Amino acid sequence: MTFDQFFKTAFGLSENSNVEPFDYQRRLAEGVECRSRLIDIPTGLGKTVAVVLAWLWNRVEKKRATWPRRLVYCLPMRTLVEQTRDNVKQWLAAIGLSEKVGLHILMGGEERETDPWDIHPEHNAILIGTQDMLLSRALNRGYGMSRYRWPMHFGLLNNDALWIMDEVQLMGAGLPTTSQLAQFREEMETMNGSLSWWMSATLRPDWLATIDFKPDKLAPPLTLSATDISQAEKLLNAQKPVTRADNSPPETKKLASKIINARADDGITLVVVNTVERACLLHAAIGAAQKKAKSALPAPVLIHSRFRPDDRRARVGELLALEGKPGIVVSTQVVEAGVDVSAKVLFTELAPWPSLVQRFGRCNRRGRDREARIIWIDFDESKFAAPYCEADLARARSKIIQLADAAPAKLAESPIDAADRPSARHVLRRKDFIELFDTTPDLAGNDLDIDRFIRDADDRSVQVFWRQWEQKWPAQSPARKSSAAAAPERKELCPVPINSFREFIENGTVAFQWDYLEREWRKADSQPLVPGHNYLLHVSCGGYSELLGWNPKLREEVKDLRPPDEVDPPDANDSDDLSEKPWESIAQHTDKVVGELALILEALNPPHRSALEVAARWHDWGKAHEVFQNAIKLNRDSELRPEAWRERRDIAKAPGKNKRTGDPGWWSRYEKKHFRHEMASALAILQPSVPITDELRNLVAYLIAAHHGKVRLSLRSLPDERTPTDFRRFARGVWQGDELPAVDLGGGVIAPNILLSLEPMELGECEEEPFAGEPSWIERVLRLRDSLGPFRLAYYESLLRAADERGSEVRP
């Protein structure tokens with residue numbers, strides 16, 4: 001199959017069809033070598049299909065191992081995620097690759113997938129998400145997800161991945177972060193490479209330059225050829241006459257009247273304004289005016305970023321369904337990037353020139369509307385510039401007042417200037433990045449702030465969801481075991497500007513955030529709110545409408561979207577959900593993990609595979625600790641326990657609560673709060689008497705400690721731990737001198753009986769046996785991080801975790 005045939009198949013076209021890919025799409029796919037690059041193509045000419053099909057053609061169809069196995073599609077706006085996913089899904093189905101390529105959305109919330117992408121690191125996958133969700137994961141601080149899964153996504157998204165940054169002119173603070181990450185991946189080395197493609201119709205190569213990253217090392221930019229220009233002549237010369245409308249000072253009713261009078265009779269009238277507040281006011285004014293006039297037009301559609309996913313999808317669906325029909329849509333900047341819609345009449349507020357160029361691309365996008373027109377709304381930027389700066393607006397005005405037609409060919413005569421580059425106040429430095437490898441919170445429970453590297457200050461948000469539960473007083477959180485306390489699903493989460501949510505709380509609303517140490521939802525303070533985190537509201541708090549999205553003035557009860565079946569609460573330090581499975585010994589489970597790891601290693605063949613294999617065999621030795629074994633309830637009638645398991649002390653898995661029958665299961669809380677079996681395993685592995693070569697010991701110990709993401713760089717006690725009365729060392733429920741008994745680990749390996757020493761948790765060189773003269777735990781891990789690099793070390797973590805989770809799955 002040629003690429004042209006591959007392209008036609010993706011669109012369901014016959015081989016004899018006259019429709020062909022653009023020349024630039026063909027050149028991108030047939031270039032064979034995959035290199036980081038800039039893709040500078042005008043809007044409306046198929047950049048999304050170009051990059052997706054180029055990757056599929058090379059990685060899957062041609063099986064070129066030099067192309068990364070994960071395509072990470074990073075979008076600046078939430079409105080585009082589902083649309084992009086749906087398009088890719090259609091292409092995969094048409095080509096017959098739906099079973100060969102995973103397609104996943106990374107948008108925060110619980111992903112109730114039967115086969116999560118991150119436990120199959122050897123599979124080809126397309127991952128689609130917004131820059132806040134993807135960049136936060138790439139920085140080891142994933143928004144809207146379990147903190148204990150951060151290292152896994154950090155490892156997989158920074159290794160063997162091709163990153164696509166779409167519409168980069170909208171990325172703000174995230175753009176230099178993508179450049180810095182590209183530089184760090186090159187300097188510190190990744191597994192199988194990690195590359196970046198930056199796409200935009202309004203991007204200069206020098207915009208990618210940072211203090212560390214120099215764009216001259218990139219492959220030559222991909223631009224239109226003479227053949228492309230000939231192929232796209234109709235689209236490039238699509239007429240879009242431009243006129244001015246004054247709205248200074250902003251008068252909502254006056255502007256609404258202008259829009260209604262100038263609307264299209266047989267097509268979409270799209271109105272793009274710069275803030276959600278103005279969009280809401282204008283939408284209400286247009287709706288009121290239409291109602292007063294008893295208009296036969298459909299009610300105006302409101303689109304912005306502050307909707308729950310299903311409602312956002314419905315609003316975008318209403319927009320797309322209007323094409324060719326009369327209707328008014330009021331939107332914020334969210335339509336600038338990639339929304340495949342063609343308006344006949346476009347109203348747009350004055351905005352920075354790159355944003356205006358993108359908005360112009362939503363008008364007469366197909367090149368068929370001879371009566372299409374653009375009306376730009378002028379205002380006094382000294383008073384109403386937000387969220388942009390006055391200088392950018394003034395510079396845009398000087399260009400647009402000279403523009404008679406916004407056809408793409410005409411826009412090429414007004415190129416993007418160096419001064420149009422989005423400003424970046426914060427640039428991620430190497431020291432910042434290295435520190436992010438450690439996911440341990442500080443002593444006050446706070447994490448390093450990364451939001452300044454991801455979004456501009458005005459664009460920072462939290463994620464909010466609403467639940468119904470019985471409240472005896474307003475500040476009472478949902479009961480720990482109630483369905484209202486379950487982890488939120490993606491469909492429940494609404495992005496809310498952090499300042500707006502802070503005001504909402506300070507005005508008397510009670511919100512809750514998850515306490516991962518106490519395993520409960522606790523009252524949240526307005527200071528500090530953490531960008532990207534999930535916050536729970538009672539449905540009676542209001543603040544949301546399916547048609548209007550987030551609006552703090554609304555007081556109507558919000559619909560509870562929790563799943564109909566009971567789900568688990570968010571992950572917590574003391575959770576061991578993977579152990580709540582059918583009865584299984586440590587040896588039985590370990591054999592499964594070793595088998596799953598063998599499949600992963602056979603496909604990936606990474607270096608240090610021997611360390612991974614040893615870690616898989618010894619990873620659950622700590623489950624032989626009495627705290628773990630005693631958690632399998634002794635207060636239940638032993639006669640109810642299957643006979644084969646009544647007296648055993650090498651149990652790795654036992655049934656948890658059965659949500660269907662109501663059986664409480666066999667697990668009780670650990671008698672030592674915050675106990676972690678993997679810490680016991682790692683401390684045991686460090687002892688010289690354990691038959692592991694010194695060459696492997698430190699890496700094996702680290703991989704074992706990190707295989708649940710809860711014990712990594714730091715070995716220290718947590719608040720409210722049970723304290724030994726004899727002042728010996730303790731941390732994570734493990735005490736100095738605890739016995740770890742001999743146990744069968746499967747595969748003919750018998751772990752010896754040893755007494756645990758916690759001396760490595762101290763700073764400095766160890767002084768006591770069996771570690772005298774040996775480095776501390778933190779020193780060992782820092783040496784590993786610096787020798788292997790943070791990307792590769794996290795990648796190895798991910799492989800072992802994937803094998804462990806697959807080995808814990810219940811299969812028929």
# chains A, B, ... in the order shown; residues from 1 in each chain; ligands from 1
call {"tool": "residues_around", "arguments": {"residues": "range 256-264 of chain A", "least_positions_apart": "3", "cutoff": "7 Å", "atoms": "only C-alpha atoms", "output": "list in words"}}
result
Thr252, Lys253, Gly267, Ile268, Thr269, Leu282, Ala285, Ile286, Pro326, Lys344 and Val345 of chain A
call {"tool": "residues_around", "arguments": {"residues": "range 14-27 of chain A", "least_positions_apart": "3", "cutoff": "8 Å", "atoms": "only C-alpha atoms", "output": "ChimeraX atom specification"}}
result
/A:3-5,7-9,30-31,47,50-51,54,222-225,227-228,231
call {"tool": "write_last_selection", "arguments": {"atoms": "N, CA, C and O atoms", "output": "PDB file, in the first residue's frame"}}
result
ATOM      1  N   PHE A   3       1.396   5.483   0.443  1.00  0.00           N
ATOM      2  CA  PHE A   3       0.806   6.409   1.402  1.00  0.00           C
ATOM      3  C   PHE A   3      -0.477   7.010   0.852  1.00  0.00           C
ATOM      4  O   PHE A   3      -1.433   7.237   1.607  1.00  0.00           O
ATOM      5  N   ASP A   4      -0.531   7.290  -0.456  1.00  0.00           N
ATOM      6  CA  ASP A   4      -1.765   7.829  -1.035  1.00  0.00           C
ATOM      7  C   ASP A   4      -2.926   6.864  -0.840  1.00  0.00           C
ATOM      8  O   ASP A   4      -4.050   7.275  -0.509  1.00  0.00           O
ATOM      9  N   GLN A   5      -2.682   5.568  -1.024  1.00  0.00           N
ATOM     10  CA  GLN A   5      -3.731   4.568  -0.792  1.00  0.00           C
ATOM     11  C   GLN A   5      -4.109   4.517   0.685  1.00  0.00           C
ATOM     12  O   GLN A   5      -5.290   4.392   1.038  1.00  0.00           O
ATOM     13  N   PHE A   7      -3.908   6.959   2.822  1.00  0.00           N
ATOM     14  CA  PHE A   7      -4.663   8.182   3.089  1.00  0.00           C
ATOM     15  C   PHE A   7      -6.116   8.026   2.636  1.00  0.00           C
ATOM     16  O   PHE A   7      -7.054   8.354   3.376  1.00  0.00           O
ATOM     17  N   LYS A   8      -6.318   7.527   1.430  1.00  0.00           N
ATOM     18  CA  LYS A   8      -7.679   7.361   0.907  1.00  0.00           C
ATOM     19  C   LYS A   8      -8.472   6.358   1.737  1.00  0.00           C
ATOM     20  O   LYS A   8      -9.674   6.536   1.976  1.00  0.00           O
ATOM     21  N   THR A   9      -7.788   5.309   2.175  1.00  0.00           N
ATOM     22  CA  THR A   9      -8.466   4.308   3.007  1.00  0.00           C
ATOM     23  C   THR A   9      -8.953   4.936   4.308  1.00  0.00           C
ATOM     24  O   THR A   9     -10.056   4.631   4.784  1.00  0.00           O
ATOM     25  N   GLU A  30       6.430  10.334   4.122  1.00  0.00           N
ATOM     26  CA  GLU A  30       7.410   9.575   3.359  1.00  0.00           C
ATOM     27  C   GLU A  30       8.843  10.016   3.625  1.00  0.00           C
ATOM     28  O   GLU A  30       9.772   9.537   2.965  1.00  0.00           O
ATOM     29  N   GLY A  31       9.007  10.923   4.598  1.00  0.00           N
ATOM     30  CA  GLY A  31      10.350  11.354   4.949  1.00  0.00           C
ATOM     31  C   GLY A  31      11.174  10.279   5.616  1.00  0.00           C
ATOM     32  O   GLY A  31      12.389  10.420   5.753  1.00  0.00           O
ATOM     33  N   LYS A  47      -3.676  19.705   9.176  1.00  0.00           N
ATOM     34  CA  LYS A  47      -2.461  19.376   9.945  1.00  0.00           C
ATOM     35  C   LYS A  47      -2.669  18.168  10.845  1.00  0.00           C
ATOM     36  O   LYS A  47      -1.773  17.334  11.010  1.00  0.00           O
ATOM     37  N   ALA A  50      -2.523  15.030   8.949  1.00  0.00           N
ATOM     38  CA  ALA A  50      -1.156  14.864   8.441  1.00  0.00           C
ATOM     39  C   ALA A  50      -0.266  14.176   9.460  1.00  0.00           C
ATOM     40  O   ALA A  50       0.432  13.202   9.137  1.00  0.00           O
ATOM     41  N   VAL A  51      -0.279  14.650  10.699  1.00  0.00           N
ATOM     42  CA  VAL A  51       0.642  14.094  11.692  1.00  0.00           C
ATOM     43  C   VAL A  51       0.189  12.712  12.159  1.00  0.00           C
ATOM     44  O   VAL A  51       1.021  11.829  12.385  1.00  0.00           O
ATOM     45  N   ALA A  54       0.848  10.241   9.305  1.00  0.00           N
ATOM     46  CA  ALA A  54       2.292  10.061   9.121  1.00  0.00           C
ATOM     47  C   ALA A  54       2.839   9.094  10.166  1.00  0.00           C
ATOM     48  O   ALA A  54       3.658   8.209   9.860  1.00  0.00           O
ATOM     49  N   LEU A 222       8.445  22.276   8.032  1.00  0.00           N
ATOM     50  CA  LEU A 222       7.582  21.752   6.982  1.00  0.00           C
ATOM     51  C   LEU A 222       6.629  22.863   6.565  1.00  0.00           C
ATOM     52  O   LEU A 222       5.824  23.339   7.377  1.00  0.00           O
ATOM     53  N   THR A 223       6.713  23.292   5.320  1.00  0.00           N
ATOM     54  CA  THR A 223       5.882  24.380   4.810  1.00  0.00           C
ATOM     55  C   THR A 223       5.223  23.947   3.502  1.00  0.00           C
ATOM     56  O   THR A 223       5.514  22.867   2.965  1.00  0.00           O
ATOM     57  N   LEU A 224       4.356  24.803   2.987  1.00  0.00           N
ATOM     58  CA  LEU A 224       3.687  24.496   1.734  1.00  0.00           C
ATOM     59  C   LEU A 224       4.667  24.579   0.571  1.00  0.00           C
ATOM     60  O   LEU A 224       5.488  25.495   0.491  1.00  0.00           O
ATOM     61  N   SER A 225       4.566  23.633  -0.335  1.00  0.00           N
ATOM     62  CA  SER A 225       5.338  23.656  -1.573  1.00  0.00           C
ATOM     63  C   SER A 225       4.490  24.304  -2.667  1.00  0.00           C
ATOM     64  O   SER A 225       3.301  24.608  -2.474  1.00  0.00           O
ATOM     65  N   THR A 227       3.414  22.817  -5.181  1.00  0.00           N
ATOM     66  CA  THR A 227       2.345  21.850  -5.452  1.00  0.00           C
ATOM     67  C   THR A 227       1.191  22.018  -4.459  1.00  0.00           C
ATOM     68  O   THR A 227       0.012  21.981  -4.839  1.00  0.00           O
ATOM     69  N   ASP A 228       1.542  22.201  -3.169  1.00  0.00           N
ATOM     70  CA  ASP A 228       0.508  22.427  -2.150  1.00  0.00           C
ATOM     71  C   ASP A 228      -0.314  23.671  -2.476  1.00  0.00           C
ATOM     72  O   ASP A 228      -1.551  23.669  -2.374  1.00  0.00           O
ATOM     73  N   GLN A 231      -2.670  22.929  -5.157  1.00  0.00           N
ATOM     74  CA  GLN A 231      -3.760  22.063  -4.692  1.00  0.00           C
ATOM     75  C   GLN A 231      -4.767  22.827  -3.846  1.00  0.00           C
ATOM     76  O   GLN A 231      -5.970  22.575  -3.897  1.00  0.00           O
TER      77      GLN A 231
END
call {"tool": "closest_residue", "arguments": {"among": "A:Glu349, A:Glu797, A:Glu779, A:Asp459", "to": "Met171 in chain A", "atoms": "only C-alpha atoms"}}
result
A:Asp459
call {"tool": "select_by_dssp", "arguments": {"residues": "range 359-556 of chain A", "states": "strand (DSSP E or B)", "output": "PyMOL selection string"}}
result
chain A and resi 363+373-378+405+461-467+489+494-497+511-515+520-523+534-538+544-545+549-550
call {"tool": "residues_around", "arguments": {"residues": "Arg641 in chain A", "least_positions_apart": "5", "cutoff": "10 Å", "atoms": "only C-alpha atoms", "output": "list in words"}}
result
Trp583, Arg636, Arg646, Glu647, Ala654 and Trp666 of chain A
call {"tool": "closest_residue", "arguments": {"among": "A:Ala680, A:Ile586, A:Leu784, A:Val101", "to": "Val749 in chain A", "atoms": "only C-alpha atoms"}}
result
A:Ile586
call {"tool": "select_by_dssp", "arguments": {"residues": "range 546-763 of chain A", "states": "alpha helix (DSSP H)", "output": "VMD selection string"}}
result
chain A and resid 586 to 604 609 to 618 626 to 630 677 to 686 694 to 705
call {"tool": "closest_residue", "arguments": {"among": "A:His123, A:Arg502, A:Arg712, A:Arg70", "to": "Leu782 in chain A", "atoms": "only C-alpha atoms"}}
result
A:Arg712
call {"tool": "residues_around", "arguments": {"residues": "Met133 in chain A", "least_positions_apart": "3", "cutoff": "6 Å", "atoms": "only C-alpha atoms", "output": "ChimeraX atom specification"}}
result
/A:107,130,136,143
call {"tool": "residues_around", "arguments": {"residues": "Gly144 in chain A", "least_positions_apart": "3", "cutoff": "10 Å", "atoms": "only C-alpha atoms", "output": "number ranges by chain"}}
result
A: 106-110, 132-133, 136-137, 141, 147, 462-463, 488-490, 493, 531-535
call {"tool": "write_last_selection", "arguments": {"atoms": "N, CA and C atoms", "output": "tab-separated table (two decimals), in the first residue's frame"}}
result
chain	number	residue	atom	x	y	z
A	106	LEU	N	-6.36	11.74	27.96
A	106	LEU	CA	-5.80	12.05	29.28
A	106	LEU	C	-6.34	13.42	29.69
A	107	MET	N	-7.39	13.39	30.52
A	107	MET	CA	-8.06	14.64	30.89
A	107	MET	C	-8.36	14.74	32.37
A	108	GLY	N	-7.75	13.91	33.20
A	108	GLY	CA	-8.03	13.95	34.63
A	108	GLY	C	-9.24	13.11	34.96
A	109	GLY	N	-9.41	12.83	36.27
A	109	GLY	CA	-10.51	11.99	36.70
A	109	GLY	C	-10.17	10.52	36.51
A	110	GLU	N	-11.00	9.65	37.09
A	110	GLU	CA	-10.78	8.22	36.98
A	110	GLU	C	-11.07	7.77	35.55
A	132	ASP	N	-2.35	21.26	30.00
A	132	ASP	CA	-2.22	21.19	31.46
A	132	ASP	C	-2.16	19.75	31.92
A	133	MET	N	-2.97	18.86	31.33
A	133	MET	CA	-2.96	17.46	31.73
A	133	MET	C	-1.69	16.74	31.26
A	136	SER	N	1.73	18.54	32.83
A	136	SER	CA	1.87	18.24	34.27
A	136	SER	C	2.35	16.81	34.47
A	137	ARG	N	1.90	15.89	33.64
A	137	ARG	CA	2.39	14.51	33.71
A	137	ARG	C	3.85	14.43	33.29
A	141	ARG	N	3.96	15.67	37.93
A	141	ARG	CA	2.97	16.23	38.86
A	141	ARG	C	1.59	16.20	38.22
A	147	ARG	N	-1.60	10.87	42.80
A	147	ARG	CA	-0.21	11.28	42.92
A	147	ARG	C	0.74	10.08	42.85
A	462	VAL	N	-8.71	24.87	38.66
A	462	VAL	CA	-8.89	23.64	39.42
A	462	VAL	C	-9.99	22.86	38.74
A	463	GLN	N	-10.22	21.63	39.19
A	463	GLN	CA	-11.29	20.81	38.63
A	463	GLN	C	-12.31	20.54	39.74
A	488	PRO	N	-13.68	10.83	41.55
A	488	PRO	CA	-14.48	11.39	40.44
A	488	PRO	C	-14.08	10.80	39.11
A	489	GLU	N	-15.07	10.64	38.25
A	489	GLU	CA	-14.79	10.22	36.89
A	489	GLU	C	-14.59	11.46	36.02
A	490	ARG	N	-13.97	11.25	34.87
A	490	ARG	CA	-13.69	12.36	33.97
A	490	ARG	C	-14.96	13.15	33.62
A	493	LEU	N	-15.98	16.20	35.96
A	493	LEU	CA	-15.08	17.30	36.30
A	493	LEU	C	-15.30	18.52	35.41
A	531	PRO	N	-3.58	24.39	41.73
A	531	PRO	CA	-3.98	24.23	40.33
A	531	PRO	C	-3.97	22.76	39.91
A	532	GLY	N	-5.00	22.38	39.15
A	532	GLY	CA	-5.08	21.03	38.64
A	532	GLY	C	-5.70	20.02	39.58
A	533	HIS	N	-5.88	20.38	40.86
A	533	HIS	CA	-6.43	19.42	41.82
A	533	HIS	C	-7.95	19.35	41.72
A	534	ASN	N	-8.50	18.23	42.24
A	534	ASN	CA	-9.94	18.02	42.23
A	534	ASN	C	-10.56	18.51	43.53
A	535	TYR	N	-11.68	19.20	43.42
A	535	TYR	CA	-12.41	19.70	44.59
A	535	TYR	C	-13.87	19.27	44.49
call {"tool": "residues_around", "arguments": {"residues": "Val781 in chain A", "least_positions_apart": "6", "cutoff": "9 Å", "atoms": "only C-alpha atoms", "output": "list in words"}}
result
Asn698, Leu699, Tyr702, Arg712 and Leu713 of chain A
call {"tool": "write_last_selection", "arguments": {"atoms": "N, CA and C atoms", "output": "PDB file, in the first residue's frame"}}
result
ATOM      1  N   ASN A 698      21.415  -1.705  44.170  1.00  0.00           N
ATOM      2  CA  ASN A 698      20.768  -0.411  44.373  1.00  0.00           C
ATOM      3  C   ASN A 698      19.607  -0.193  43.414  1.00  0.00           C
ATOM      4  N   LEU A 699      19.784  -0.546  42.138  1.00  0.00           N
ATOM      5  CA  LEU A 699      18.698  -0.370  41.171  1.00  0.00           C
ATOM      6  C   LEU A 699      17.542  -1.297  41.492  1.00  0.00           C
ATOM      7  N   TYR A 702      15.674   0.119  44.508  1.00  0.00           N
ATOM      8  CA  TYR A 702      14.848   1.286  44.164  1.00  0.00           C
ATOM      9  C   TYR A 702      13.593   0.874  43.396  1.00  0.00           C
ATOM     10  N   ARG A 712       9.773   6.338  47.276  1.00  0.00           N
ATOM     11  CA  ARG A 712      10.729   6.556  46.184  1.00  0.00           C
ATOM     12  C   ARG A 712      12.038   7.139  46.727  1.00  0.00           C
ATOM     13  N   LEU A 713      12.216   8.452  46.684  1.00  0.00           N
ATOM     14  CA  LEU A 713      13.489   9.026  47.116  1.00  0.00           C
ATOM     15  C   LEU A 713      13.606   9.143  48.625  1.00  0.00           C
TER      16      LEU A 713
END
